[in-house]
$ cat entry-v3.pdb   # PDB, C-alpha atoms
ATOM      1  CA  MET A   1      49.368 -51.311 128.437
ATOM      2  CA  PHE A   2      51.890 -48.592 127.572
ATOM      3  CA  PHE A   3      51.596 -44.864 126.988
ATOM      4  CA  ASN A   4      50.801 -44.374 123.295
ATOM      5  CA  THR A   5      53.345 -41.691 122.359
ATOM      6  CA  LYS A   6      52.350 -41.785 118.690
ATOM      7  CA  LYS A   7      48.710 -41.135 119.530
ATOM      8  CA  TYR A   8      49.674 -38.377 121.974
ATOM      9  CA  LYS A   9      51.834 -36.756 119.298
ATOM     10  CA  GLU A  10      48.939 -36.820 116.835
ATOM     11  CA  GLU A  11      46.539 -35.324 119.367
ATOM     12  CA  ALA A  12      48.950 -32.751 120.796
ATOM     13  CA  GLU A  13      50.167 -31.494 117.426
ATOM     14  CA  LYS A  14      47.104 -31.882 115.232
ATOM     15  CA  ASN A  15      46.616 -28.109 114.987
ATOM     16  CA  ARG A  16      50.304 -27.233 114.920
ATOM     17  CA  LYS A  17      52.162 -25.790 111.959
ATOM     18  CA  HIS A  18      55.592 -27.378 112.008
ATOM     19  CA  ASN A  19      58.761 -25.390 111.401
ATOM     20  CA  LEU A  20      61.459 -27.996 111.808
ATOM     21  CA  SER A  21      64.233 -25.527 110.929
ATOM     22  CA  GLU A  22      63.641 -23.747 114.242
ATOM     23  CA  GLU A  23      63.418 -26.885 116.356
ATOM     24  CA  PRO A  24      66.303 -28.850 117.906
ATOM     25  CA  SER A  25      66.885 -32.378 116.694
ATOM     26  CA  ARG A  26      65.147 -35.209 118.476
ATOM     27  CA  PHE A  27      68.537 -36.367 119.779
ATOM     28  CA  ASN A  28      69.237 -32.897 121.196
ATOM     29  CA  MET A  29      65.864 -32.747 122.927
ATOM     30  CA  LEU A  30      66.091 -36.219 124.444
ATOM     31  CA  ALA A  31      69.759 -35.990 125.455
ATOM     32  CA  LEU A  32      69.410 -32.649 127.240
ATOM     33  CA  ALA A  33      66.129 -33.725 128.842
ATOM     34  CA  ILE A  34      67.814 -36.821 130.273
ATOM     35  CA  ILE A  35      70.740 -34.793 131.643
ATOM     36  CA  ALA A  36      68.380 -32.202 133.165
ATOM     37  CA  SER A  37      66.347 -34.991 134.782
ATOM     38  CA  ILE A  38      69.353 -36.462 136.631
ATOM     39  CA  ILE A  39      70.376 -33.992 139.340
ATOM     40  CA  PRO A  40      74.070 -35.053 139.591
ATOM     41  CA  LEU A  41      74.444 -34.419 135.829
ATOM     42  CA  ARG A  42      72.930 -30.909 135.818
ATOM     43  CA  PRO A  43      76.301 -29.156 136.441
ATOM     44  CA  PHE A  44      77.318 -30.273 132.924
ATOM     45  CA  LEU A  45      74.482 -28.141 131.522
ATOM     46  CA  ARG A  46      75.806 -25.139 133.425
ATOM     47  CA  LEU A  47      79.238 -25.447 131.779
ATOM     48  CA  HIS A  48      77.723 -24.050 128.604
ATOM     49  CA  LYS A  49      78.171 -20.294 128.123
ATOM     50  CA  LYS A  50      74.765 -18.634 128.524
ATOM     51  CA  HIS A  51      73.310 -16.479 125.761
ATOM     52  CA  ILE A  52      70.424 -14.013 126.026
ATOM     53  CA  ASP A  53      68.861 -12.993 122.727
ATOM     54  CA  ASP A  54      66.833  -9.991 123.856
ATOM     55  CA  HIS A  55      64.514  -8.359 121.321
ATOM     56  CA  ALA A  56      61.864  -7.382 123.868
ATOM     57  CA  VAL A  57      60.546  -3.899 124.534
ATOM     58  CA  ILE A  58      59.999  -2.729 128.117
ATOM     59  CA  GLU A  59      57.276  -0.144 128.516
ATOM     60  CA  LYS A  60      58.011   2.772 130.824
ATOM     61  CA  SER A  61      57.065   1.568 134.272
ATOM     62  CA  ASN A  62      54.556   3.017 136.688
ATOM     63  CA  SER A  63      56.316   2.888 140.044
ATOM     64  CA  THR A  64      53.011   2.815 141.949
ATOM     65  CA  ILE A  65      52.029  -0.568 140.489
ATOM     66  CA  GLN A  66      53.253  -3.823 142.037
ATOM     67  CA  GLN A  67      53.281  -6.005 138.935
ATOM     68  CA  ILE A  68      52.085  -9.619 139.057
ATOM     69  CA  PRO A  69      52.649 -11.171 135.613
ATOM     70  CA  ILE A  70      50.523 -13.996 134.236
ATOM     71  CA  LEU A  71      52.745 -16.791 132.920
ATOM     72  CA  TYR A  72      51.446 -19.459 130.522
ATOM     73  CA  PHE A  73      53.210 -22.855 130.516
ATOM     74  CA  HIS A  74      52.861 -25.868 128.221
ATOM     75  CA  GLY A  75      53.676 -29.487 128.996
ATOM     76  CA  PHE A  76      55.218 -32.532 127.307
ATOM     77  CA  ARG A  77      55.485 -32.155 123.529
ATOM     78  CA  GLY A  78      53.788 -28.757 123.712
ATOM     79  CA  GLY A  79      54.874 -25.405 122.374
ATOM     80  CA  ASP A  80      53.645 -21.865 121.820
ATOM     81  CA  TYR A  81      50.697 -23.300 119.896
ATOM     82  CA  THR A  82      49.494 -24.880 123.161
ATOM     83  CA  THR A  83      48.895 -21.522 124.831
ATOM     84  CA  ASN A  84      48.377 -19.231 121.810
ATOM     85  CA  VAL A  85      44.579 -19.164 122.018
ATOM     86  CA  MET A  86      44.605 -18.534 125.776
ATOM     87  CA  VAL A  87      47.140 -15.716 125.372
ATOM     88  CA  GLU A  88      45.190 -14.114 122.518
ATOM     89  CA  GLN A  89      41.981 -14.087 124.553
ATOM     90  CA  ALA A  90      43.796 -12.738 127.619
ATOM     91  CA  LEU A  91      45.069  -9.815 125.532
ATOM     92  CA  LYS A  92      41.524  -9.065 124.357
ATOM     93  CA  ASP A  93      40.128  -9.258 127.878
ATOM     94  CA  LYS A  94      42.728  -6.842 129.247
ATOM     95  CA  SER A  95      42.459  -4.569 126.162
ATOM     96  CA  ASN A  96      46.186  -4.624 125.500
ATOM     97  CA  GLY A  97      47.598  -6.427 122.484
ATOM     98  CA  HIS A  98      51.169  -6.718 123.755
ATOM     99  CA  TYR A  99      52.829  -9.615 125.565
ATOM    100  CA  LEU A 100      56.256 -11.074 126.238
ATOM    101  CA  LYS A 101      57.354 -14.410 124.795
ATOM    102  CA  ILE A 102      60.321 -16.193 126.359
ATOM    103  CA  THR A 103      61.854 -19.259 124.730
ATOM    104  CA  ALA A 104      64.328 -21.123 126.929
ATOM    105  CA  ASP A 105      66.519 -24.151 126.466
ATOM    106  CA  LEU A 106      67.997 -26.508 129.038
ATOM    107  CA  LEU A 107      71.454 -24.971 128.633
ATOM    108  CA  GLY A 108      70.168 -21.750 130.166
ATOM    109  CA  ASN A 109      69.835 -19.724 126.959
ATOM    110  CA  PHE A 110      66.914 -17.319 126.606
ATOM    111  CA  LYS A 111      65.234 -15.596 123.687
ATOM    112  CA  LEU A 112      62.942 -12.681 124.512
ATOM    113  CA  GLU A 113      60.411 -11.261 122.068
ATOM    114  CA  GLY A 114      57.478  -8.888 122.292
ATOM    115  CA  THR A 115      56.752  -6.440 125.102
ATOM    116  CA  TRP A 116      56.867  -6.353 128.866
ATOM    117  CA  THR A 117      53.872  -4.099 129.506
ATOM    118  CA  ASN A 118      53.612  -1.548 132.309
ATOM    119  CA  ASP A 119      50.183  -2.618 133.588
ATOM    120  CA  LYS A 120      49.481  -4.711 136.678
ATOM    121  CA  HIS A 121      49.376  -8.061 134.846
ATOM    122  CA  PRO A 122      51.902  -8.388 131.998
ATOM    123  CA  ILE A 123      51.243 -11.485 129.895
ATOM    124  CA  VAL A 124      54.173 -13.873 129.468
ATOM    125  CA  GLN A 125      54.157 -16.923 127.186
ATOM    126  CA  VAL A 126      56.790 -19.473 128.199
ATOM    127  CA  VAL A 127      58.127 -21.909 125.597
ATOM    128  CA  PHE A 128      60.444 -24.852 126.301
ATOM    129  CA  ARG A 129      62.808 -25.337 123.365
ATOM    130  CA  GLN A 130      63.525 -28.961 124.292
ATOM    131  CA  ARG A 131      59.887 -29.995 124.508
ATOM    132  CA  LEU A 132      60.219 -33.798 124.747
ATOM    133  CA  ILE A 133      60.567 -33.493 128.486
ATOM    134  CA  GLY A 134      59.470 -35.202 131.658
ATOM    135  CA  ILE A 135      58.576 -33.807 135.049
ATOM    136  CA  TYR A 136      62.170 -33.416 136.283
ATOM    137  CA  ALA A 137      63.254 -31.522 133.166
ATOM    138  CA  ILE A 138      60.294 -29.132 133.470
ATOM    139  CA  ASP A 139      61.235 -28.644 137.120
ATOM    140  CA  TYR A 140      64.697 -27.630 135.934
ATOM    141  CA  TYR A 141      63.246 -25.263 133.321
ATOM    142  CA  LEU A 142      61.241 -23.486 136.020
ATOM    143  CA  GLN A 143      64.338 -23.163 138.217
ATOM    144  CA  LEU A 144      66.019 -21.351 135.312
ATOM    145  CA  ILE A 145      63.169 -19.256 133.946
ATOM    146  CA  LEU A 146      61.366 -17.918 137.021
ATOM    147  CA  PRO A 147      64.384 -16.309 138.765
ATOM    148  CA  PHE A 148      65.616 -14.924 135.433
ATOM    149  CA  LEU A 149      62.302 -13.202 134.700
ATOM    150  CA  SER A 150      61.911 -12.008 138.276
ATOM    151  CA  GLN A 151      65.337 -10.372 138.345
ATOM    152  CA  LYS A 152      65.026  -8.822 134.899
ATOM    153  CA  TYR A 153      61.521  -7.405 135.300
ATOM    154  CA  HIS A 154      61.516  -6.845 139.083
ATOM    155  CA  PHE A 155      58.473  -8.762 140.264
ATOM    156  CA  LYS A 156      58.054 -10.854 143.411
ATOM    157  CA  ASN A 157      54.817 -12.710 142.662
ATOM    158  CA  TYR A 158      53.254 -14.299 139.603
ATOM    159  CA  ILE A 159      50.134 -16.081 138.377
ATOM    160  CA  ALA A 160      50.573 -19.410 136.564
ATOM    161  CA  VAL A 161      48.328 -20.915 133.893
ATOM    162  CA  ALA A 162      49.619 -24.413 133.156
ATOM    163  CA  HIS A 163      48.614 -27.266 130.884
ATOM    164  CA  SER A 164      49.278 -30.983 131.335
ATOM    165  CA  LEU A 165      52.673 -31.946 132.779
ATOM    166  CA  ALA A 166      53.502 -28.340 133.681
ATOM    167  CA  CYS A 167      50.755 -28.465 136.342
ATOM    168  CA  PRO A 168      52.441 -30.717 138.925
ATOM    169  CA  CYS A 169      55.739 -28.934 138.205
ATOM    170  CA  ILE A 170      54.236 -25.584 139.224
ATOM    171  CA  VAL A 171      53.214 -27.136 142.552
ATOM    172  CA  ARG A 172      56.590 -28.856 143.025
ATOM    173  CA  THR A 173      58.454 -25.626 142.283
ATOM    174  CA  GLU A 174      56.387 -23.610 144.760
ATOM    175  CA  MET A 175      56.995 -26.204 147.465
ATOM    176  CA  ARG A 176      60.713 -26.398 146.723
ATOM    177  CA  ALA A 177      61.081 -22.595 146.732
ATOM    178  CA  SER A 178      59.177 -22.090 149.984
ATOM    179  CA  ARG A 179      62.372 -21.202 151.848
ATOM    180  CA  LYS A 180      64.046 -19.215 149.055
ATOM    181  CA  LYS A 181      63.677 -15.491 149.724
ATOM    182  CA  ASN A 182      64.546 -14.286 146.215
ATOM    183  CA  PHE A 183      62.449 -16.790 144.270
ATOM    184  CA  PRO A 184      59.134 -15.453 142.830
ATOM    185  CA  ARG A 185      56.054 -16.831 144.543
ATOM    186  CA  LEU A 186      52.629 -17.838 143.296
ATOM    187  CA  THR A 187      49.491 -15.886 144.111
ATOM    188  CA  LYS A 188      47.111 -17.824 141.834
ATOM    189  CA  CYS A 189      47.477 -20.936 139.710
ATOM    190  CA  VAL A 190      45.312 -22.545 137.049
ATOM    191  CA  PHE A 191      45.736 -26.219 136.185
ATOM    192  CA  ILE A 192      44.367 -27.584 132.908
ATOM    193  CA  ALA A 193      44.398 -31.383 132.525
ATOM    194  CA  GLY A 194      47.058 -31.910 135.166
ATOM    195  CA  PRO A 195      48.492 -35.429 135.721
ATOM    196  CA  PHE A 196      49.041 -35.302 139.478
ATOM    197  CA  ASP A 197      48.868 -39.039 140.172
ATOM    198  CA  GLY A 198      49.763 -40.829 136.975
ATOM    199  CA  VAL A 199      49.256 -40.788 133.195
ATOM    200  CA  ILE A 200      47.065 -43.377 131.478
ATOM    201  CA  PHE A 201      49.010 -46.434 130.308
ATOM    202  CA  LEU A 202      52.268 -44.985 131.648
ATOM    203  CA  SER A 203      51.603 -45.424 135.352
ATOM    204  CA  ASP A 204      47.828 -45.082 135.624
ATOM    205  CA  ILE A 205      45.318 -47.627 134.281
ATOM    206  CA  PRO A 206      41.719 -46.596 133.533
ATOM    207  CA  ASN A 207      39.256 -47.332 136.328
ATOM    208  CA  ILE A 208      41.833 -48.997 138.588
ATOM    209  CA  ASN A 209      42.647 -46.078 140.830
ATOM    210  CA  ALA A 210      39.908 -44.220 142.717
ATOM    211  CA  LEU A 211      39.566 -41.488 145.303
ATOM    212  CA  LYS A 212      38.738 -42.389 148.871
ATOM    213  CA  GLN A 213      36.003 -40.561 150.748
ATOM    214  CA  ASN A 214      38.566 -38.036 152.026
ATOM    215  CA  GLY A 215      39.816 -37.370 148.471
ATOM    216  CA  ARG A 216      43.084 -39.282 148.734
ATOM    217  CA  PRO A 217      43.755 -41.706 145.837
ATOM    218  CA  ARG A 218      43.903 -45.407 146.695
ATOM    219  CA  VAL A 219      47.007 -45.885 144.536
ATOM    220  CA  ILE A 220      49.790 -43.371 145.167
ATOM    221  CA  TYR A 221      52.573 -42.987 142.621
ATOM    222  CA  PRO A 222      56.017 -41.535 143.519
ATOM    223  CA  HIS A 223      55.392 -38.024 142.122
ATOM    224  CA  TYR A 224      52.192 -37.775 144.139
ATOM    225  CA  LEU A 225      53.953 -38.985 147.278
ATOM    226  CA  TYR A 226      56.487 -36.177 146.780
ATOM    227  CA  LEU A 227      53.639 -33.645 146.886
ATOM    228  CA  ILE A 228      51.991 -35.221 149.935
ATOM    229  CA  LEU A 229      55.203 -35.117 151.948
ATOM    230  CA  ARG A 230      55.699 -31.421 151.157
ATOM    231  CA  ARG A 231      52.137 -30.132 151.183
ATOM    232  CA  LYS A 232      52.720 -27.914 154.227
ATOM    233  CA  ARG A 233      55.196 -25.938 152.150
ATOM    234  CA  PHE A 234      52.482 -24.761 149.767
ATOM    235  CA  ASN A 235      51.762 -21.114 150.563
ATOM    236  CA  PRO A 236      48.277 -20.741 152.155
ATOM    237  CA  ASP A 237      47.764 -17.405 150.339
ATOM    238  CA  ILE A 238      47.520 -19.125 146.920
ATOM    239  CA  SER A 239      44.199 -19.493 145.104
ATOM    240  CA  VAL A 240      43.837 -22.607 142.936
ATOM    241  CA  LEU A 241      41.630 -23.434 139.943
ATOM    242  CA  ASN A 242      41.775 -27.050 138.740
ATOM    243  CA  ILE A 243      40.137 -27.823 135.365
ATOM    244  CA  TYR A 244      40.013 -31.394 134.114
ATOM    245  CA  GLY A 245      38.235 -33.337 131.379
ATOM    246  CA  ASN A 246      36.053 -36.397 130.998
ATOM    247  CA  VAL A 247      35.261 -37.417 127.415
ATOM    248  CA  LEU A 248      32.550 -39.731 128.817
ATOM    249  CA  ASP A 249      33.906 -42.961 127.367
ATOM    250  CA  ASN A 250      34.727 -46.046 129.416
ATOM    251  CA  THR A 251      38.070 -44.635 130.655
ATOM    252  CA  ASN A 252      36.739 -41.762 132.823
ATOM    253  CA  SER A 253      39.494 -39.566 131.450
ATOM    254  CA  ASP A 254      40.360 -36.872 128.918
ATOM    255  CA  LYS A 255      41.964 -39.695 126.861
ATOM    256  CA  PHE A 256      45.336 -39.310 128.587
ATOM    257  CA  ILE A 257      44.713 -38.145 132.167
ATOM    258  CA  SER A 258      42.179 -39.910 134.368
ATOM    259  CA  VAL A 259      39.662 -37.937 136.395
ATOM    260  CA  THR A 260      41.136 -39.560 139.504
ATOM    261  CA  SER A 261      44.646 -38.350 138.681
ATOM    262  CA  ALA A 262      43.494 -34.818 137.859
ATOM    263  CA  LYS A 263      41.276 -34.506 140.959
ATOM    264  CA  SER A 264      43.837 -36.007 143.333
ATOM    265  CA  ILE A 265      45.544 -32.634 143.833
ATOM    266  CA  ARG A 266      42.509 -31.471 145.816
ATOM    267  CA  TYR A 267      43.495 -33.694 148.748
ATOM    268  CA  ILE A 268      46.909 -32.013 148.889
ATOM    269  CA  LEU A 269      46.099 -28.350 148.231
ATOM    270  CA  ALA A 270      42.465 -27.655 149.154
ATOM    271  CA  PRO A 271      42.822 -27.857 152.975
ATOM    272  CA  GLY A 272      45.539 -25.207 153.073
ATOM    273  CA  ALA A 273      44.936 -23.023 150.011
ATOM    274  CA  HIS A 274      43.397 -19.559 150.185
ATOM    275  CA  SER A 275      40.711 -20.914 147.856
ATOM    276  CA  TYR A 276      40.315 -24.051 145.776
ATOM    277  CA  HIS A 277      37.926 -24.520 142.831
ATOM    278  CA  GLU A 278      37.352 -27.453 140.496
ATOM    279  CA  VAL A 279      35.655 -27.544 137.110
ATOM    280  CA  GLU A 280      34.964 -30.731 135.160
ATOM    281  CA  ILE A 281      34.601 -30.387 131.386
ATOM    282  CA  ARG A 282      32.583 -33.173 129.785
ATOM    283  CA  GLY A 283      32.078 -34.625 126.320
ATOM    284  CA  GLN A 284      34.144 -35.873 123.391
ATOM    285  CA  LYS A 285      34.000 -32.477 121.698
ATOM    286  CA  TYR A 286      34.988 -30.334 124.656
ATOM    287  CA  ALA A 287      37.009 -32.326 127.185
ATOM    288  CA  GLU A 288      39.807 -33.948 125.172
ATOM    289  CA  HIS A 289      43.256 -33.407 126.703
ATOM    290  CA  SER A 290      44.770 -31.405 123.835
ATOM    291  CA  TRP A 291      41.647 -29.379 123.096
ATOM    292  CA  MET A 292      40.814 -28.001 126.520
ATOM    293  CA  HIS A 293      43.452 -25.271 126.346
ATOM    294  CA  ASP A 294      41.663 -23.920 123.248
ATOM    295  CA  ASN A 295      38.131 -24.416 124.583
ATOM    296  CA  PRO A 296      36.401 -20.972 124.758
ATOM    297  CA  PHE A 297      34.366 -22.043 127.795
ATOM    298  CA  VAL A 298      37.531 -23.080 129.658
ATOM    299  CA  ILE A 299      39.343 -19.875 128.704
ATOM    300  CA  ASN A 300      36.415 -17.758 129.881
ATOM    301  CA  ILE A 301      36.516 -19.460 133.303
ATOM    302  CA  ILE A 302      40.286 -18.956 133.519
ATOM    303  CA  ASP A 303      40.195 -15.255 132.656
ATOM    304  CA  LYS A 304      37.491 -14.610 135.236
ATOM    305  CA  PHE A 305      39.467 -16.472 137.881
ATOM    306  CA  ILE A 306      42.730 -14.592 137.251
ATOM    307  CA  GLY A 307      40.926 -11.253 137.179
ATOM    308  CA  LEU A 308      41.120 -10.336 133.488
ATOM    309  CA  LYS A 309      37.370 -10.550 132.993
ATOM    310  CA  LYS A 310      34.363  -9.726 135.152
TER     311      LYS A 310
END
$ encode --input "entry-v3.pdb" --output "structure tokens"
Amino acid sequence: MFFNTKKYKEEAEKNRKHNLSEEPSRFNMLALAIIASIIPLRPFLRLHKKHIDDHAVIEKSNSTIQQIPILYFHGFRGGDYTTNVMVEQALKDKSNGHYLKITADLLGNFKLEGTWTNDKHPIVQVVFRQRLIGIYAIDYYLQLILPFLSQKYHFKNYIAVAHSLACPCIVRTEMRASRKKNFPRLTKCVFIAGPFDGVIFLSDIPNINALKQNGRPRVIYPHYLYLILRRKRFNPDISVLNIYGNVLDNTNSDKFISVTSAKSIRYILAPGAHSYHEVEIRGQKYAEHSWMHDNPFVINIIDKFIGLKK
């Protein structure tokens, strides 16, 4: 009863074209992820001299527009290929083929490519260079990336579209930053296949946990408890869209995230959010964990929710 990392790798990377020359070694990814996950060790990461490799173009700004960028985030073992299809469709829906791509590592280095557009919703694709990462390492990534982008491109709010493990980290980051005046704040967030209360065969077991009548899960894991204890810090002006999958086998899951785990965030966010919407995707062909981010039906719902499509 353990998380099948080999199977997850096959599913997550089945449509990926590997370029190992551009990827850190497995040792590098795991070592830095472990250091970033242990708060007392994080100062060692900051000893490294930061480097910004900036090849991005900034379009001449329109001072009358208060920009709210749309940031796309991947999760464990993901990469740019995770969000490529969503980004491509977003560019079509907004009739602008330019976007910014930021690749960050856990040492605080950034590589910027593409274009920061001058419209209301610049598209930003976020890539984690060390991608074998857990929830604490993604938390640390967001603490590095969001203030950096906000200061460089002068925005105060953003929209997040997140897949898998990035989903709970978006919520955790918003709660943690609730008292930070200079930290960018969410206005809308989209969760795709988010593991809010466990991952199958890692902490969650199929059909063991269930939601009570009030929406609270019967079994509460530590990461979920963290969110419950801080739920009042989640800004009530945020609109939330939660999309999850059920492949309709005997696990009631998308193969990796149970319906119970994905839906459990409703109990925490729905009572206080500006709006909260849920969409369940069903079927082996459409609802699998590593396919949903490429599912045209899912992408259409997302782009309508974030205002790119009528």
$ resolve_selection --input "entry-v3.pdb" --expression "the PyMOL selection byres ((chain A and resi 33) around 9)" --output "NGL selection string"
:A and (28-32 or 34-38 or 106 or 130-134 or 136-138)
$ write_last_selection --input "entry-v3.pdb" --atoms "C-alpha atoms" --output "compact mmCIF listing (two decimals), keeping the file's coordinate frame"
# COMPACT_ATOMS: atom_id res chain seq x y z
CA ASN A 28 69.24 -32.90 121.20
CA MET A 29 65.86 -32.75 122.93
CA LEU A 30 66.09 -36.22 124.44
CA ALA A 31 69.76 -35.99 125.46
CA LEU A 32 69.41 -32.65 127.24
CA ILE A 34 67.81 -36.82 130.27
CA ILE A 35 70.74 -34.79 131.64
CA ALA A 36 68.38 -32.20 133.16
CA SER A 37 66.35 -34.99 134.78
CA ILE A 38 69.35 -36.46 136.63
CA LEU A 106 68.00 -26.51 129.04
CA GLN A 130 63.52 -28.96 124.29
CA ARG A 131 59.89 -30.00 124.51
CA LEU A 132 60.22 -33.80 124.75
CA ILE A 133 60.57 -33.49 128.49
CA GLY A 134 59.47 -35.20 131.66
CA TYR A 136 62.17 -33.42 136.28
CA ALA A 137 63.25 -31.52 133.17
CA ILE A 138 60.29 -29.13 133.47
$ resolve_selection --input "entry-v3.pdb" --expression "the PyMOL selection byres ((chain A and resi 190) around 7)" --output "PDB file with C-alpha atoms, in the coordinates of the input"
ATOM      1  CA  ALA A 160      50.573 -19.410 136.564  1.00  0.00           C
ATOM      2  CA  VAL A 161      48.328 -20.915 133.893  1.00  0.00           C
ATOM      3  CA  ALA A 162      49.619 -24.413 133.156  1.00  0.00           C
ATOM      4  CA  LYS A 188      47.111 -17.824 141.834  1.00  0.00           C
ATOM      5  CA  CYS A 189      47.477 -20.936 139.710  1.00  0.00           C
ATOM      6  CA  PHE A 191      45.736 -26.219 136.185  1.00  0.00           C
ATOM      7  CA  ILE A 192      44.367 -27.584 132.908  1.00  0.00           C
ATOM      8  CA  VAL A 240      43.837 -22.607 142.936  1.00  0.00           C
ATOM      9  CA  LEU A 241      41.630 -23.434 139.943  1.00  0.00           C
ATOM     10  CA  ASN A 242      41.775 -27.050 138.740  1.00  0.00           C
TER      11      ASN A 242
END
$ resolve_selection --input "entry-v3.pdb" --expression "the PyMOL selection byres ((chain A and resi 124) around 7)" --output "count of residues only"
11
$ residues_around --input "entry-v3.pdb" --residues "Leu112 (chain A)" --least-positions-apart "2" --cutoff "9 Å" --atoms "all atoms listed in the file" --output "ChimeraX atom specification"
/A:52-56,100-104,110,114-115
$ residues_near_point --input "entry-v3.pdb" --point "(59.8, 2.9, 134.9)" --cutoff "12 Å" --atoms "all atoms listed in the file" --output "ChimeraX atom specification"
/A:58-67,116-119,153-154
$ closest_residue --input "entry-v3.pdb" --among "A:Pro147, A:Gly245, A:Gly272, A:Gly78" --to "Pro184 (chain A)" --atoms "all atoms listed in the file"
A:Pro147
$ atom_distance --input "entry-v3.pdb" --atom1 "CA of Lys156 (chain A)" --atom2 "CA of Ala273 (chain A)"
19.1 Å
$ closest_residue --input "entry-v3.pdb" --among "A:Leu149, A:Ala193, A:Leu45, A:Met175" --to "His74 (chain A)" --atoms "all atoms listed in the file"
A:Ala193
$ residues_around --input "entry-v3.pdb" --residues "Ile243 (chain A)" --least-positions-apart "5" --cutoff "10 Å" --atoms "all atoms listed in the file" --output "PyMOL selection string"
chain A and resi 163+190-194+262-263+277-281+287+292-293+298+301-302
$ atom_distance --input "entry-v3.pdb" --atom1 "CA of Tyr158 (chain A)" --atom2 "CA of Tyr267 (chain A)"
23.6 Å
$ atom_distance --input "entry-v3.pdb" --atom1 "CA of Glu22 (chain A)" --atom2 "CA of Gln151 (chain A)"
27.6 Å
$ decode --input "entry-v3.pdb" --residues "region 70-75 of chain A" --atoms "all heavy atoms" --output "PDB file, in the first residue's frame"
ATOM      1  N   ILE A  70      -2.106  35.922 -15.259  1.00  0.00           N
ATOM      2  CA  ILE A  70      -2.591  34.560 -15.043  1.00  0.00           C
ATOM      3  C   ILE A  70      -1.371  33.649 -15.005  1.00  0.00           C
ATOM      4  O   ILE A  70      -0.655  33.518 -16.002  1.00  0.00           O
ATOM      5  CB  ILE A  70      -3.561  34.126 -16.146  1.00  0.00           C
ATOM      6  CG1 ILE A  70      -4.739  35.097 -16.227  1.00  0.00           C
ATOM      7  CG2 ILE A  70      -4.057  32.699 -15.902  1.00  0.00           C
ATOM      8  CD1 ILE A  70      -5.599  34.908 -17.462  1.00  0.00           C
ATOM      9  N   LEU A  71      -1.129  33.032 -13.857  1.00  0.00           N
ATOM     10  CA  LEU A  71       0.051  32.195 -13.663  1.00  0.00           C
ATOM     11  C   LEU A  71      -0.353  30.722 -13.661  1.00  0.00           C
ATOM     12  O   LEU A  71      -1.288  30.323 -12.960  1.00  0.00           O
ATOM     13  CB  LEU A  71       0.742  32.535 -12.336  1.00  0.00           C
ATOM     14  CG  LEU A  71       1.698  33.731 -12.319  1.00  0.00           C
ATOM     15  CD1 LEU A  71       0.988  35.026 -12.658  1.00  0.00           C
ATOM     16  CD2 LEU A  71       2.387  33.856 -10.960  1.00  0.00           C
ATOM     17  N   TYR A  72       0.378  29.917 -14.444  1.00  0.00           N
ATOM     18  CA  TYR A  72       0.120  28.485 -14.554  1.00  0.00           C
ATOM     19  C   TYR A  72       1.225  27.725 -13.813  1.00  0.00           C
ATOM     20  O   TYR A  72       2.417  27.918 -14.069  1.00  0.00           O
ATOM     21  CB  TYR A  72       0.092  28.059 -16.020  1.00  0.00           C
ATOM     22  CG  TYR A  72      -1.114  28.583 -16.769  1.00  0.00           C
ATOM     23  CD1 TYR A  72      -1.155  29.888 -17.253  1.00  0.00           C
ATOM     24  CD2 TYR A  72      -2.224  27.769 -16.990  1.00  0.00           C
ATOM     25  CE1 TYR A  72      -2.259  30.370 -17.937  1.00  0.00           C
ATOM     26  CE2 TYR A  72      -3.336  28.238 -17.670  1.00  0.00           C
ATOM     27  CZ  TYR A  72      -3.350  29.543 -18.135  1.00  0.00           C
ATOM     28  OH  TYR A  72      -4.446  30.014 -18.809  1.00  0.00           O
ATOM     29  N   PHE A  73       0.814  26.824 -12.902  1.00  0.00           N
ATOM     30  CA  PHE A  73       1.745  26.087 -12.055  1.00  0.00           C
ATOM     31  C   PHE A  73       1.567  24.575 -12.240  1.00  0.00           C
ATOM     32  O   PHE A  73       0.435  24.077 -12.289  1.00  0.00           O
ATOM     33  CB  PHE A  73       1.507  26.409 -10.574  1.00  0.00           C
ATOM     34  CG  PHE A  73       1.672  27.854 -10.206  1.00  0.00           C
ATOM     35  CD1 PHE A  73       0.579  28.714 -10.237  1.00  0.00           C
ATOM     36  CD2 PHE A  73       2.907  28.345  -9.818  1.00  0.00           C
ATOM     37  CE1 PHE A  73       0.721  30.048  -9.884  1.00  0.00           C
ATOM     38  CE2 PHE A  73       3.054  29.681  -9.464  1.00  0.00           C
ATOM     39  CZ  PHE A  73       1.963  30.536  -9.496  1.00  0.00           C
ATOM     40  N   HIS A  74       2.670  23.857 -12.282  1.00  0.00           N
ATOM     41  CA  HIS A  74       2.606  22.390 -12.309  1.00  0.00           C
ATOM     42  C   HIS A  74       2.940  21.839 -10.934  1.00  0.00           C
ATOM     43  O   HIS A  74       3.352  22.572 -10.025  1.00  0.00           O
ATOM     44  CB  HIS A  74       3.551  21.830 -13.369  1.00  0.00           C
ATOM     45  CG  HIS A  74       5.018  22.057 -13.083  1.00  0.00           C
ATOM     46  ND1 HIS A  74       5.747  21.255 -12.226  1.00  0.00           N
ATOM     47  CD2 HIS A  74       5.886  23.007 -13.528  1.00  0.00           C
ATOM     48  CE1 HIS A  74       6.998  21.672 -12.167  1.00  0.00           C
ATOM     49  NE2 HIS A  74       7.117  22.757 -12.939  1.00  0.00           N
ATOM     50  N   GLY A  75       2.790  20.536 -10.767  1.00  0.00           N
ATOM     51  CA  GLY A  75       3.029  19.901  -9.483  1.00  0.00           C
ATOM     52  C   GLY A  75       4.224  18.973  -9.496  1.00  0.00           C
ATOM     53  O   GLY A  75       5.175  19.153 -10.263  1.00  0.00           O
TER      54      GLY A  75
END
